[in-house]
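Structure file query_15.txt with compact mmCIF, C-alpha atoms and all ligand atoms:
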```txt
# COMPACT_ATOMS: atom_id res chain seq x y z
CA MET M 16 53.11 116.95 44.32
CA SER M 17 55.19 118.52 41.58
CA ALA M 18 55.53 122.19 40.82
CA ALA M 19 53.63 121.56 37.57
CA SER M 20 50.27 121.64 39.23
CA VAL M 21 48.15 124.34 37.68
CA ALA M 22 44.87 122.67 36.85
CA PRO M 23 44.13 122.73 33.13
CA THR M 24 41.31 125.10 32.33
CA ALA M 25 38.32 123.55 30.64
CA GLY M 26 37.81 125.42 27.40
CA GLY M 27 35.02 123.71 25.50
CA VAL M 28 34.95 122.01 22.14
CA THR M 29 33.72 123.20 18.77
CA GLN M 30 33.05 121.62 15.37
CA VAL M 31 33.73 123.66 12.29
CA VAL M 32 34.17 122.97 8.58
CA GLY M 33 37.44 124.75 7.96
CA SER M 34 39.58 125.04 4.87
CA VAL M 35 43.18 124.25 4.11
CA VAL M 36 45.41 127.34 4.15
CA ALA M 37 48.72 125.53 3.57
CA ASN M 38 50.02 122.00 3.19
CA ASP M 39 53.81 121.97 3.05
CA PRO M 40 56.39 119.20 3.31
CA VAL M 41 58.62 119.26 6.37
CA GLY M 42 61.10 116.40 6.38
CA ALA M 43 59.13 113.15 6.29
CA TYR M 44 55.92 114.95 7.32
CA ARG M 45 53.33 117.46 6.08
CA HIS M 46 52.61 120.67 7.94
CA LEU M 47 48.94 121.59 7.57
CA VAL M 48 47.51 125.00 8.38
CA ILE M 49 43.72 124.89 8.57
CA SER M 50 41.38 127.82 8.92
CA ALA M 51 39.08 126.74 11.77
CA PRO M 52 37.39 129.80 13.31
CA GLY M 53 36.56 129.48 16.98
CA VAL M 54 39.06 126.75 17.84
CA ALA M 55 42.23 128.68 18.64
CA GLU M 56 40.79 130.69 21.50
CA LEU M 57 39.65 127.50 23.26
CA ALA M 58 42.86 125.53 22.91
CA SER M 59 45.92 124.90 25.09
CA PRO M 60 49.21 123.04 24.41
CA GLY M 61 48.82 119.27 24.63
CA GLN M 62 45.27 119.18 23.30
CA PHE M 63 44.41 117.60 19.99
CA VAL M 64 42.08 117.87 16.99
CA ALA M 65 39.92 115.18 15.40
CA LEU M 66 39.73 115.60 11.63
CA ALA M 67 37.23 113.95 9.30
CA VAL M 68 39.01 112.22 6.43
CA GLY M 69 38.17 111.13 2.89
CA GLY M 70 35.62 113.77 1.92
CA PRO M 71 31.80 113.82 2.18
CA THR M 72 31.19 110.40 0.55
CA SER M 73 34.05 108.63 2.31
CA ALA M 74 33.50 105.19 3.84
CA THR M 75 36.22 106.09 6.35
CA LEU M 76 33.84 107.24 9.04
CA LEU M 77 36.11 107.62 12.06
CA ARG M 78 37.91 110.90 12.58
CA ARG M 79 41.69 110.87 12.93
CA CYS M 80 43.40 112.60 15.85
CA PHE M 81 46.41 114.95 15.73
CA SER M 82 48.24 117.01 18.33
CA LEU M 83 47.82 120.74 17.95
CA HIS M 84 51.17 122.08 16.80
CA ARG M 85 50.18 125.74 16.97
CA VAL M 86 47.09 127.94 16.90
CA ASP M 87 46.60 131.54 15.85
CA ALA M 88 43.49 133.18 17.25
CA GLY M 89 44.04 136.28 15.11
CA ARG M 90 44.04 134.32 11.85
CA GLY M 91 41.59 131.71 13.12
CA THR M 92 43.97 128.90 12.19
CA VAL M 93 45.14 125.62 13.70
CA GLU M 94 48.28 123.74 12.64
CA VAL M 95 49.10 120.04 12.69
CA VAL M 96 52.05 117.92 11.56
CA ILE M 97 51.06 114.68 9.87
CA ALA M 98 52.91 111.48 9.05
CA ALA M 99 51.34 109.44 6.24
CA HIS M 100 50.48 106.11 7.86
CA GLY M 101 47.25 104.57 6.55
CA PRO M 102 44.32 105.79 4.43
CA GLY M 103 43.23 108.66 6.71
CA THR M 104 46.60 110.30 7.16
CA THR M 105 47.53 109.70 3.52
CA TRP M 106 44.34 111.53 2.45
CA LEU M 107 45.15 114.42 4.77
CA THR M 108 48.70 114.77 3.49
CA GLN M 109 47.26 115.20 -0.01
CA VAL M 110 44.67 117.92 0.66
CA ARG M 111 45.10 121.15 -1.32
CA VAL M 112 44.80 124.78 -0.38
CA GLY M 113 41.11 125.68 -0.22
CA ASP M 114 39.88 122.11 0.38
CA PRO M 115 37.34 121.78 3.20
CA VAL M 116 38.35 119.90 6.39
CA ASP M 117 35.87 119.12 9.15
CA VAL M 118 37.50 119.87 12.51
CA VAL M 119 36.43 118.92 16.05
CA ALA M 120 38.65 120.61 18.62
CA PRO M 121 40.19 121.23 21.02
CA LEU M 122 39.99 117.78 22.65
CA GLY M 123 41.65 116.25 25.71
CA GLN M 124 43.55 117.60 28.68
CA PRO M 125 46.46 120.00 28.07
CA PHE M 126 49.91 119.82 29.60
CA PRO M 127 49.78 121.19 33.18
CA LEU M 128 51.75 124.42 33.50
CA PRO M 129 53.94 125.07 36.55
CA ALA M 130 52.56 127.46 39.14
CA GLU M 131 56.06 128.92 39.64
CA PRO M 132 58.93 129.56 37.22
CA THR M 133 60.90 126.33 37.09
CA ALA M 134 63.32 124.54 34.79
CA CYS M 135 61.65 122.19 32.31
CA VAL M 136 62.87 119.72 29.70
CA LEU M 137 60.57 118.97 26.75
CA VAL M 138 61.14 115.70 24.91
CA GLY M 139 59.74 114.93 21.45
CA GLY M 140 59.96 111.79 19.37
CA GLY M 141 59.36 112.18 15.62
CA TYR M 142 56.14 114.13 14.96
CA GLY M 143 55.59 114.02 18.73
CA SER M 144 57.77 117.15 18.84
CA ALA M 145 54.99 119.12 17.12
CA PRO M 146 53.07 120.27 20.26
CA LEU M 147 56.21 121.13 22.24
CA PHE M 148 57.03 124.53 20.74
CA TRP M 149 53.70 126.04 21.70
CA LEU M 150 54.18 124.50 25.15
CA ALA M 151 57.70 125.97 25.31
CA GLN M 152 56.27 129.39 24.54
CA ALA M 153 53.66 129.06 27.30
CA LEU M 154 56.31 127.91 29.79
CA ARG M 155 58.71 130.73 28.93
CA GLU M 156 55.90 133.26 29.30
CA ARG M 157 55.73 131.97 32.89
CA GLY M 158 59.43 132.57 33.39
CA CYS M 159 60.48 128.93 33.04
CA HIS M 160 63.86 127.82 31.72
CA VAL M 161 63.02 125.48 28.81
CA GLU M 162 65.32 122.96 27.15
CA LEU M 163 64.34 120.63 24.35
CA VAL M 164 65.42 117.12 23.45
CA LEU M 165 64.32 116.10 19.96
CA GLY M 166 64.78 112.57 18.70
CA ALA M 167 63.86 110.42 15.73
CA ALA M 168 65.00 107.35 13.88
CA THR M 169 66.61 109.38 11.09
CA ARG M 170 67.32 113.03 10.27
CA ASP M 171 64.26 113.40 8.01
CA ARG M 172 61.94 112.16 10.79
CA LEU M 173 63.04 114.87 13.21
CA PHE M 174 60.57 117.69 13.54
CA GLY M 175 61.23 121.26 14.60
CA VAL M 176 64.98 121.48 15.10
CA ASP M 177 64.91 124.80 13.21
CA LEU M 178 62.03 126.04 15.39
CA ALA M 179 63.93 125.38 18.60
CA ASP M 180 66.43 128.21 18.15
CA GLY M 181 65.02 131.33 19.73
CA THR M 182 62.02 129.59 21.28
CA THR M 183 63.95 127.58 23.88
CA ASP M 184 67.04 127.88 26.06
CA GLY M 185 68.78 124.89 24.50
CA VAL M 186 68.19 121.96 22.17
CA THR M 187 69.76 118.50 22.06
CA VAL M 188 69.13 116.29 19.03
CA THR M 189 69.39 112.51 18.77
CA THR M 190 68.87 110.09 15.90
CA ASP M 191 68.95 106.32 16.06
CA ASP M 192 71.29 106.14 13.06
CA GLY M 193 73.44 109.15 13.95
CA SER M 194 72.43 111.07 10.79
CA ALA M 195 71.89 114.17 12.98
CA GLY M 196 72.92 115.05 16.52
CA HIS M 197 73.88 112.35 19.01
CA ARG M 198 73.60 108.75 17.85
CA GLY M 199 71.07 106.97 20.05
CA TRP M 200 67.81 107.61 21.87
CA VAL M 201 66.47 110.66 23.66
CA SER M 202 66.68 108.68 26.89
CA ASP M 203 70.47 108.38 26.42
CA VAL M 204 70.96 112.15 26.74
CA LEU M 205 67.95 113.12 28.85
CA GLY M 206 69.57 112.55 32.25
CA ASP M 207 72.43 114.91 31.45
CA VAL M 208 70.06 117.57 30.13
CA ILE M 209 67.86 117.34 33.25
CA THR M 210 70.93 117.67 35.47
CA ARG M 211 72.43 120.56 33.49
CA ALA M 212 69.12 122.46 33.43
CA GLY M 213 68.28 121.63 37.04
CA ALA M 214 64.88 120.58 35.73
CA THR M 215 62.09 119.38 37.99
CA GLU M 216 59.52 118.94 35.22
CA VAL M 217 59.75 116.90 32.03
CA PHE M 218 57.10 117.01 29.30
CA ALA M 219 57.11 114.39 26.56
CA CYS M 220 55.22 113.39 23.43
CA GLY M 221 56.14 110.47 21.21
CA PRO M 222 55.97 106.67 20.98
CA MET M 223 54.91 104.76 24.09
CA ALA M 224 58.30 103.06 24.57
CA MET M 225 59.93 106.49 24.55
CA LEU M 226 57.42 107.84 27.07
CA LYS M 227 58.19 104.98 29.45
CA SER M 228 61.95 105.61 29.17
CA VAL M 229 61.44 109.33 29.69
CA THR M 230 59.38 108.60 32.81
CA ASP M 231 62.11 106.31 34.17
CA VAL M 232 64.94 108.79 33.48
CA ALA M 233 62.96 111.68 34.93
CA ALA M 234 62.26 109.71 38.12
CA ALA M 235 65.94 108.75 38.42
CA HIS M 236 66.78 112.48 38.33
CA ALA M 237 64.07 113.54 40.81
CA ALA M 238 61.90 115.13 38.09
CA VAL M 239 58.24 114.54 37.30
CA ALA M 240 57.33 113.45 33.77
CA HIS M 241 54.11 114.53 32.06
CA VAL M 242 53.52 112.39 28.98
CA ALA M 243 51.08 112.76 26.07
CA VAL M 244 50.08 109.22 25.11
CA GLU M 245 48.90 108.17 21.68
CA GLU M 246 46.46 105.34 22.21
CA SER M 247 44.29 104.43 19.21
CA MET M 248 41.09 106.44 19.31
CA ALA M 249 37.77 105.89 17.60
CA CYS M 250 35.39 108.57 18.90
CA GLY M 251 37.87 110.97 20.58
CA VAL M 252 35.17 112.30 22.90
CA GLY M 253 34.85 109.71 25.66
CA VAL M 254 32.03 107.50 24.36
CA CYS M 255 33.52 104.32 22.89
CA MET M 256 36.25 103.25 25.40
CA THR M 257 38.65 102.36 22.56
CA CYS M 258 41.41 104.47 24.05
CA VAL M 259 41.50 103.21 27.65
CA LEU M 260 44.78 102.55 29.45
CA PRO M 261 45.56 101.62 33.07
CA ILE M 262 46.33 104.62 35.25
CA THR M 263 47.08 104.59 38.97
CA THR M 264 44.92 107.34 40.41
CA GLN M 265 45.76 109.52 43.43
CA ASP M 266 44.12 107.03 45.81
CA GLY M 267 46.60 104.36 44.66
CA VAL M 268 43.98 102.39 42.71
CA THR M 269 44.48 101.39 39.06
CA LYS M 270 41.59 102.26 36.76
CA MET M 271 41.15 102.03 33.01
CA LEU M 272 40.91 105.70 31.98
CA ARG M 273 40.08 107.13 28.59
CA SER M 274 43.09 108.80 27.03
CA CYS M 275 40.85 111.02 24.87
CA VAL M 276 39.12 112.82 27.75
CA ASP M 277 41.16 111.97 30.88
CA GLY M 278 44.38 112.37 28.83
CA PRO M 279 46.16 112.38 26.47
CA VAL M 280 48.47 114.00 29.04
CA PHE M 281 49.08 111.93 32.17
CA ARG M 282 51.75 111.98 34.84
CA GLY M 283 54.26 109.42 33.59
CA ASP M 284 54.48 107.77 37.01
CA SER M 285 50.71 107.16 36.98
CA VAL M 286 50.79 105.06 33.79
CA ARG M 287 50.98 101.29 34.37
CA TRP M 288 53.79 100.70 31.89
CA ASP M 289 53.94 97.06 32.99
CA ALA M 290 50.62 96.55 31.18
CA PHE M 291 52.13 97.20 27.74
CA ALA M 292 53.75 94.39 25.80
CA ASN M 293 54.42 94.10 22.06
CA GLY M 294 52.28 97.13 21.29
CA ILE M 295 49.27 95.73 23.18
CA CYS M 296 47.87 97.11 26.41
CA HIS M 297 46.67 94.42 28.81
CA VAL M 298 44.42 94.99 31.81
CA PRO M 299 46.48 94.51 35.02
CA ALA M 300 44.84 91.99 37.35
CA ASP M 301 44.57 94.59 40.15
CA THR M 302 42.65 97.06 37.97
CA VAL M 303 39.19 98.10 39.17
CA GLY M 304 36.74 95.94 37.21
CA ALA M 305 39.42 93.62 35.76
CA PRO M 306 38.07 90.27 34.54
CA ARG M 307 38.38 87.55 37.20
CA ALA M 308 39.05 83.86 36.53
CA GLY M 309 35.68 82.13 36.44
CA GLY M 310 33.86 85.48 36.45
CA HIS M 311 31.40 86.83 33.91
C1 LIG M 401 46.08 112.15 20.76
C2 LIG M 401 46.72 111.73 19.45
C3 LIG M 401 47.59 112.61 18.82
C4 LIG M 401 48.17 112.25 17.61
N1 LIG M 401 48.97 113.16 16.99
C5 LIG M 401 49.47 112.88 15.78
C6 LIG M 401 50.23 113.87 15.07
O1 LIG M 401 50.47 114.98 15.55
N2 LIG M 401 50.69 113.53 13.83
C7 LIG M 401 50.44 112.30 13.28
O2 LIG M 401 50.88 112.06 12.15
N3 LIG M 401 49.74 111.35 13.92
C8 LIG M 401 49.23 111.62 15.15
N4 LIG M 401 48.50 110.67 15.80
C9 LIG M 401 48.34 109.33 15.18
C10 LIG M 401 47.27 109.39 14.13
O3 LIG M 401 46.02 109.71 14.72
C11 LIG M 401 47.15 108.01 13.44
O4 LIG M 401 48.35 107.72 12.77
C12 LIG M 401 46.04 108.02 12.45
O5 LIG M 401 44.81 108.08 13.12
C13 LIG M 401 46.09 106.80 11.58
O6 LIG M 401 45.01 106.89 10.67
P1 LIG M 401 45.12 106.22 9.24
O7 LIG M 401 43.77 106.21 8.60
O8 LIG M 401 46.21 106.86 8.46
O9 LIG M 401 45.61 104.75 9.57
P2 LIG M 401 44.76 103.47 9.97
O10 LIG M 401 45.77 102.51 10.49
O11 LIG M 401 43.92 102.99 8.85
O12 LIG M 401 43.82 103.94 11.16
C14 LIG M 401 42.75 103.13 11.54
C15 LIG M 401 42.29 103.49 12.91
O13 LIG M 401 43.30 103.28 13.86
C16 LIG M 401 43.58 104.46 14.58
N5 LIG M 401 45.05 104.55 14.66
C17 LIG M 401 45.94 103.95 13.86
N6 LIG M 401 47.20 104.24 14.22
C18 LIG M 401 47.11 105.03 15.30
C19 LIG M 401 48.07 105.66 16.14
N7 LIG M 401 49.39 105.57 15.96
N8 LIG M 401 47.62 106.40 17.15
C20 LIG M 401 46.31 106.53 17.36
N9 LIG M 401 45.35 105.97 16.60
C21 LIG M 401 45.74 105.22 15.58
C22 LIG M 401 43.01 105.57 13.75
O14 LIG M 401 42.58 106.67 14.52
C23 LIG M 401 41.85 104.92 13.08
O15 LIG M 401 40.72 104.93 13.92
C24 LIG M 401 47.90 110.98 17.02
C25 LIG M 401 47.04 110.09 17.66
C26 LIG M 401 46.46 110.46 18.86
C27 LIG M 401 45.53 109.49 19.54
S1 LIG M 402 38.31 107.31 21.77
FE1 LIG M 402 36.29 106.84 22.33
S2 LIG M 402 36.34 106.91 24.50
FE2 LIG M 402 38.32 107.60 23.89
```

As structure tokens - that is how I would like this structure written.
Amino acid sequence: MSAASVAPTAGGVTQVVGSVVANDPVGAYRHLVISAPGVAELASPGQFVALAVGGPTSATLLRRCFSLHRVDAGRGTVEVVIAAHGPGTTWLTQVRVGDPVDVVAPLGQPFPLPAEPTACVLVGGGYGSAPLFWLAQALRERGCHVELVLGAATRDRLFGVDLADGTTDGVTVTTDDGSAGHRGWVSDVLGDVITRAGATEVFACGPMAMLKSVTDVAAAHAAVAHVAVEESMACGVGVCMTCVLPITTQDGVTKMLRSCVDGPVFRGDSVRWDAFANGICHVPADTVGAPRAGGH
């Protein structure tokens, strides 16, 4: 059992029609501040919001999910960082101050916080860095030493390098093309950062391939990885089973768990990374309830 073992507190979920307070460019992304009274006081780092997209007559019925970057209970605001990807995210990146946004939040399980002060390394890939600063703050309030590793393909796809100063005890930056920081992947530098910090806990958010590498590097350095996965979600509240992924539970059995309600944060060493190939998650044959040859 790792030191990061404080059970997440169940906060509850609310739905509110909020309004856009700010929508600013930040590198390749947009930073949205949304007035959403009642959400902030329920939320913890690692949880996410589900936002309705397209306006009241939209044919785009499914909500889109985003990690909570920051909340402010005093102002009643929540903040997200959005990359324009398809129609839903593109619509959100174009909202204007005062526009209404329908928010359901906070959803999912937060990052587990250590029971004792310990050294932690937080690893973010692209917009996956967004939830890590709030987490860093929570960890430092518990007396933890917190170092950050931020990576992206290119300089403009990094998020939060400027936020790291003053909120963490050290930051290491990587880009695939070398346009900022070390040339290469976060996994190339992570081992050294874990060793230097004496870290026993690693927290990560970003693409699945990165999360697997982070889990491997953490294990090789006797640290436990906690990863926030980003499986495609339709309902976000545990009803549709769109977001399932194979997780080895504490009894050693692999089950298909819903990343929206059982995650998105899982222990990295509980995720069956062998099930993922070419962006598709397969059901391992030893999973509870897996289809059997000749079965129905
Ligand atoms: C827990 C969680 C946290 C996320 N945090 C962020 C964030 O902080 N910033 C950000 O920019 N994006 C984030 N995403 C990804 C974001 O939700 C998708 O990019 C977005 O839903 C795509 O919607 P679209 O209409 O633009 O694209 P479309 O491709 O048209 O989306 C169609 C459907 O596929 C789903 N989908 C498509 N791509 C993804 C994806 N990469 N991950 C999950 N679902 C997907 C959508 O939810 C939608 O139901 C997060 C996703 C999850 C599950
Ligand atoms: S998205 Fe519907 S069950 Fe997870």

Can I get the residues of region 146-185 of chain M within 12 Å of region 225-244 of chain M, each with the closest pair of atoms and their distance in Å to one decimal, using all atoms listed in the file, sorted chain first then ascending number, as CSV?
```
residue,atom,partner,partner_atom,distance
M:Pro146,CA,M:Ala243,CA,9.7
M:Leu147,CA,M:Ala243,CA,10.5
M:Val164,CA,M:Val229,CA,10.7
M:Leu165,CA,M:Met225,CA,11.5
M:Gly166,CA,M:Met225,CA,9.7
M:Ala167,CA,M:Met225,CA,10.4
M:Ala168,CA,M:Met225,CA,11.8
```

Set up a box along x, y and z of the file covering all listed atoms of ligand LIG 402 (chain M), add 4 Å on every one of the six sides, and write the centre and edge lengths in Å to one decimal, as AutoDock Vina command-line options.
```
--center_x 37.3 --center_y 107.2 --center_z 23.1 --size_x 10.0 --size_y 8.8 --size_z 10.7
```

Q: Step by step: start from the point (58.0, 122.0, 36.6) in the file's coordinates, keep every protein, DNA or RNA residue that has an atom no farther than 9 Å from it, count all atoms listed in the file, and write the set as a PyMOL selection string.
A: chain M and resi 17-20+127-136+159+214-218+238-239

Q: Can you pull out every residue within 8 Å of Val28 (chain M), counting only C-alpha atoms, but drop anything in the same chain fewer than 2 positions away, and send it as a PyMOL selection string?
A: chain M and resi 26+30+54+57+119-122

Q: For region 176-191 of chain M, work out the shell of residues within 7 Å, counting all atoms listed in the file and skipping chain neighbours fewer than 3 positions away, then give it as a ChimeraX atom specification.
A: /M:151-152,160-170,194-201

Take the selection from the previous step and output its residues with C-alpha atoms, as a CSV table (one decimal), keeping the file's coordinate frame.
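Dumped everything to result23.csv:
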```csv
chain,number,residue,atom,x,y,z
M,151,ALA,CA,57.7,126.0,25.3
M,152,GLN,CA,56.3,129.4,24.5
M,160,HIS,CA,63.9,127.8,31.7
M,161,VAL,CA,63.0,125.5,28.8
M,162,GLU,CA,65.3,123.0,27.2
M,163,LEU,CA,64.3,120.6,24.4
M,164,VAL,CA,65.4,117.1,23.4
M,165,LEU,CA,64.3,116.1,20.0
M,166,GLY,CA,64.8,112.6,18.7
M,167,ALA,CA,63.9,110.4,15.7
M,168,ALA,CA,65.0,107.4,13.9
M,169,THR,CA,66.6,109.4,11.1
M,170,ARG,CA,67.3,113.0,10.3
M,194,SER,CA,72.4,111.1,10.8
M,195,ALA,CA,71.9,114.2,13.0
M,196,GLY,CA,72.9,115.0,16.5
M,197,HIS,CA,73.9,112.4,19.0
M,198,ARG,CA,73.6,108.8,17.8
M,199,GLY,CA,71.1,107.0,20.0
M,200,TRP,CA,67.8,107.6,21.9
M,201,VAL,CA,66.5,110.7,23.7
```

**Q.** Radius query 12 Å about (43.4, 128.7, 11.9), atoms used: all atoms listed in the file, as JSON, numbers by chain
**A.** {"M": [31, 32, 33, 34, 35, 36, 37, 47, 48, 49, 50, 51, 52, 53, 54, 55, 56, 58, 83, 84, 85, 86, 87, 88, 89, 90, 91, 92, 93, 94, 95, 116, 118, 120]}

Q: Throw together the list of residues within 12 Å of ligand LIG 402 (chain M), counting only C-alpha atoms and all ligand atoms, and drop it here as an MDAnalysis selection string.
A: chainID M and resid 65 77:80 122:123 244:260 271:279

Q.
Give me the residues near region 296-301 of chain M as number ranges by chain, where near means some atom within 9 Å (using all atoms listed in the file) and where sequence neighbours in that chain fewer than 2 positions away do not count.
A. M: 259-261, 268-271, 287-294, 303-307

Q.
Could you check the closest approach to ligand LIG 401 (chain M) for each of M:Gly101, M:Gly221, M:Gly267, M:Gly193 and tell me which residue wins, using all atoms listed in the file?
A. M:Gly101

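Of the residues under consideration (M:Leu66, M:Val110, M:Ala219, M:Ile97), M:Ile97 shows the shortest atom-to-atom contact distance to ligand LIG 401 (chain M) when counting all atoms listed in the file.
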
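Candidate residues M:Leu107, M:Ile295, M:Val41, M:Val96 were compared for distance to ligand LIG 401 (chain M), and the nearest is M:Val96, using all atoms listed in the file.
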
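Closest to ligand LIG 401 (chain M) among M:Ser202, M:His100, M:Pro125, M:Tyr44 is M:His100, based on all atoms listed in the file.
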
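The spacing separating atom C7 of ligand LIG 401 (chain M) from CA of Ser82 (chain M) amounts to 7.2 Å.
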
Q: Can you work out which one of M:Gly113, M:Gly175, M:Gly69, M:Gly213 has the shortest atom-to-atom distance to ligand LIG 401 (chain M), counting all atoms listed in the file?
A: M:Gly69
